[in-house]
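I have placed the structure first, in the form of structure tokens, so that the comments after it can refer back to it.
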Amino acid sequence: MDTLLDFIEQIGHYALFLVLCLGLVGLPVPNEVVAMTGGALAASEILTPFPSFIMTFLGVCSGSTVGYMLSRFTASKLLNRVGEKSKIRQFLDVSERLTRQYGNYAICISAFLPILRNVTPYAVGMKGMPYRRFAMYSYSASFVWTIGYFSLGMFVGDQVVDHIGVLINRYGYYAAGIVAVLAVILIISWLIRRNKRSKEENTEIQIHG
């Protein structure tokens with residue numbers, strides 16, 4: 001948390017993007033805390049709201065994009081280096097099961113689940129998913145995720161952000177996943193309804209055509 005505030009003091013809202021990017025190499029600041037801190041500081045008028053939101057959104061997108069690109073073009077090398085019993089392999093297996101069960105919507109679901117949000121882009125990249133399809137689902141989910149946590153930070157303030165940060169560090173990323181459950185359910189329901197409606201419309205067109 002201190003690292004994030006130090007960056008913000010030095011370079012303003014650009015720190016939100018930088019810290020989220022550095023999270024790829026193990027910077028110990030959960031994405032949820034970064035987004036809520038940005039929202040809290042924006043509400044306090046320490047940061048400008050719109051640029052801070054955009055930097056947060058782009059930072060979240062950068063993580064999934066780098067993971068996708070790396071696996072898309074180095075899939076065989078990555079698979080050879082990942083052991084069958086490693087934690088990375090276990091999370092890849094979970095991502096693959098999500099993809100088999102929910103298809104492209106697995107990208108949207110994993111965006112709201114810590115750790116899986118970083119692993120799933122690798123899994124779909126290894127499977128050769130086209131970039132346009134990946135971007136459509138991943139960036140849309142990241143946009144909703146950013147709205148949720150950034151807005152939460154604006155409403156609850158920096159004191160609650162600190163407590164949530166401690167909760168995440170103490171109980172692991174599962175705490176953040178619990179916070180996002182309602183958002184995941186809403187998004188899945190909306191996507192399923194939209195997909196069902198689209199199929200029904202296509203069926204009607206074929207029948208009348």
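Chain labels run A, B, ... following the order of the structure tokens; each chain numbers its residues from 1, and ligands are numbered from 1 in the order shown.
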Give me, as a PDB file with C-alpha atoms, in the first residue's frame, all polymer residues having an atom no more than 6 Å from A:Ser71, counting only C-alpha atoms and skipping those fewer than 2 positions away in the same chain.
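Saved result, selection.pdb, follows:
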ATOM      1  CA  TYR A  68      -2.482 -13.554 -23.718  1.00  0.00           C
ATOM      2  CA  MET A  69       0.311 -12.370 -26.030  1.00  0.00           C
ATOM      3  CA  PHE A  73       3.206 -16.951 -29.378  1.00  0.00           C
ATOM      4  CA  THR A  74       5.183 -19.098 -26.924  1.00  0.00           C
ATOM      5  CA  ALA A  75       2.558 -21.687 -25.982  1.00  0.00           C
ATOM      6  CA  TYR A 122      -2.588 -17.691 -20.794  1.00  0.00           C
ATOM      7  CA  GLY A 125      -3.849 -17.849 -25.700  1.00  0.00           C
ATOM      8  CA  MET A 126      -2.441 -21.361 -25.668  1.00  0.00           C
TER       9      MET A 126
END
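Taking only C-alpha atoms, the non-local environment of A:Ile147 within 12 Å (same-chain residues fewer than 6 positions away omitted) comprises Glu32, Ala35, Met36, Gly38, Gly39, Pro49, Phe50, Ser52, Phe53, Ile54, Thr56, Phe57, Val60, Ser140, Ala141, Gly153, Met154, Ala180 and Ala183 of chain A.
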